[in-house]
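Engineer: I'd like to ask some things about the structure below.
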Amino acid sequence: MWQVYAAYSKRLKEVVRNRAALFWTMAWPMIWLIISTLTFTSGIPEEVVPYVKGSMTVSMMVFALMIACMSNLPASIAGDRQDGLLAKLRSMPIKPYRDFIGRLSAIVTFSLLAVVLVLVLGVGLGARFTGSGAETARAVGFLLLGISAAAGVGLIIGTLIKNTQGAIMSGVGISVITAAISGLFAPYDMLPPALQLFSRVYPISSSQTSIVYLLVGPDAAAYNPLTSGQVSLTIALSFALLLVGTILYSRLGWNLE
């Protein structure tokens, strides 16, 4: 257990001390949320504006966790490989899965902190939510699914890309591009049919739509993401990405130099 805690403590301290990581994970989604609420709510009926802001807040909450998992996580893996730490760990009686659990736990902690800060800012800007206690609990479940999927992508990036800077930029690029084409930045109705299909299949965007549906209301979501088929697909693909990332990291992450 101490190995897991040691990995958790080390990774969390690294993230907190990295100003660039703090900016990309926290400041960027918060800045974009401010710009969005000031720019894209003009011409909307006044009584609807708080719920539009609520939907925007959920999108930026999900984007914040995407950045944390897809950029900070692979950066820590690539950085440890580049510094020779992974080579040292291989010579010690430490199992890859224990390092993985500690590393992932630190990123989850950081992701949830970023999500809370974005949520507080959104409420301060006038975002309103209608979800009950049960719906909020279900929304948290979908948030964890989003973290699982994003962490899986982050593990894949960190395993396959050796250079720290390359891992960071790849993670940022993938998170921004997939967010843009899956409806986190643009309304689902404005996407072409092919990207609407991608939005439904991509577990992070489908989780985001589910959270909006639960916390803001059905009218705020472009489709019903809570059908049994859609929920099953979101769960399956979220855990599939995490499983693929975990297997690659356990088998290859400690061996690529």
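Residues in the structure tokens are named by chain (A, B, ... in the order shown) and by number from 1 within that chain; ligands are numbered from 1 in the order shown.
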At a cut-off of 12 Å, using only C-alpha atoms, what residues contact Leu226 in chain A? Leave out same-chain residues fewer than 6 positions from it and give the result as a list of chain:residue names.

Structural biologist: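 Near Leu226 in chain A, the qualifying residues are A:Glu135, A:Arg138, A:Ala139, A:Phe142, A:Arg200, A:Ser206, A:Ser207, A:Gln208, A:Thr209, A:Ser210, A:Ile211, A:Val212, A:Tyr213, A:Leu214, A:Pro218, A:Ser232, A:Leu233, A:Thr234, A:Ile235.
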
Engineer: Running DSSP on the backbone, which parts of range 10-210 of chain A land in alpha helix (DSSP H), as a PyMOL selection string?

Structural biologist: chain A and resi 10-17+19-22+28-39+49-67+73-82+85-90+96-124+133-160+164-181+193-201+203-210

Engineer: Just how far from CA of Thr25 in chain A is CA of Leu117 in chain A, in Å to one decimal?

Structural biologist: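 Atom-to-atom, CA of Leu117 in chain A and CA of Thr25 in chain A are spaced 10.6 Å apart.
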
Engineer: Residues near Leu252 in chain A, anyone? I mean within 10 Å using only C-alpha atoms, not counting same-chain ones fewer than 6 positions away, as JSON, numbers by chain.

Structural biologist: {"A": [156, 159, 160, 246]}

Engineer: With N, CA and C atoms kept, could you save the residues just selected as a PDB file, in the first residue's frame?

Structural biologist:
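The new file result35.pdb reads:
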ATOM      1  N   ILE A 156      -2.350   5.825 -22.953  1.00  0.00           N
ATOM      2  CA  ILE A 156      -1.883   5.439 -24.289  1.00  0.00           C
ATOM      3  C   ILE A 156      -0.858   6.451 -24.805  1.00  0.00           C
ATOM      4  N   THR A 159       2.424   6.191 -22.887  1.00  0.00           N
ATOM      5  CA  THR A 159       3.164   4.963 -23.185  1.00  0.00           C
ATOM      6  C   THR A 159       3.870   5.041 -24.527  1.00  0.00           C
ATOM      7  N   LEU A 160       3.205   5.624 -25.512  1.00  0.00           N
ATOM      8  CA  LEU A 160       3.724   5.596 -26.876  1.00  0.00           C
ATOM      9  C   LEU A 160       4.608   6.784 -27.227  1.00  0.00           C
ATOM     10  N   THR A 246      -4.299   0.832 -19.656  1.00  0.00           N
ATOM     11  CA  THR A 246      -3.657   0.137 -18.543  1.00  0.00           C
ATOM     12  C   THR A 246      -2.774  -1.001 -19.034  1.00  0.00           C
TER      13      THR A 246
END

Engineer: Between A:Ser148, A:Gln230, A:Ser55, A:Asn224, which is the closest to Cys69 in chain A once you count only C-alpha atoms?

Structural biologist: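 Nearest candidate to Cys69 in chain A out of A:Ser148, A:Gln230, A:Ser55, A:Asn224: A:Ser148.
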
Engineer: For range 169-184 of chain A, work out the shell of residues within 10 Å, counting only C-alpha atoms and skipping chain neighbours fewer than 5 positions away, then give it as a ChimeraX atom specification.

Structural biologist: /A:24-25,55-56,58-60,62-75,150,153-154,157-158,161,164,189-192,194-206,208-209

Engineer: Give me, please, the distance in Å between CA of Gly102 in chain A and CA of Asp80 in chain A, quoted to one decimal.

Structural biologist: 13.9 Å

Engineer: With only C-alpha atoms as the atoms that count, which of A:Thr227, A:Asn163, A:Ser105, A:Ser238 lies nearest to Gly141 in chain A?

Structural biologist: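 For Gly141 in chain A, the nearest of the candidates is A:Ser238.
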
Engineer: How many Å separate CA of Ser36 in chain A from CA of Gly217 in chain A?

Structural biologist: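 CA of Gly217 in chain A lies 19.7 Å from CA of Ser36 in chain A.
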
Engineer: Of the candidates A:Leu215, A:Leu38, A:Ala149, A:Val108, which shows the shortest atom-to-atom distance to Val244 in chain A, using only C-alpha atoms?

Structural biologist: A:Ala149

Engineer: Which residues are close to Gly126 in chain A, i.e. within 8 Å by only C-alpha atoms, leaving aside same-chain residues fewer than 4 positions away? Reply as a PyMOL selection string.

Structural biologist: chain A and resi 50+53-54+122

Engineer: Residues within 8 Å of Met26 in chain A, please, as a ChimeraX atom specification. Count only C-alpha atoms; anything in the same chain fewer than 3 positions from it doesn't count.

Structural biologist: /A:22-23,29-30,64,114,117-118

Engineer: Point out the residue among A:Arg128, A:Arg81, A:Arg251, A:Lys162 with the least atom-to-atom distance to Val49 in chain A, counting only C-alpha atoms.

Structural biologist: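 Nearest to Val49 in chain A: A:Arg128.
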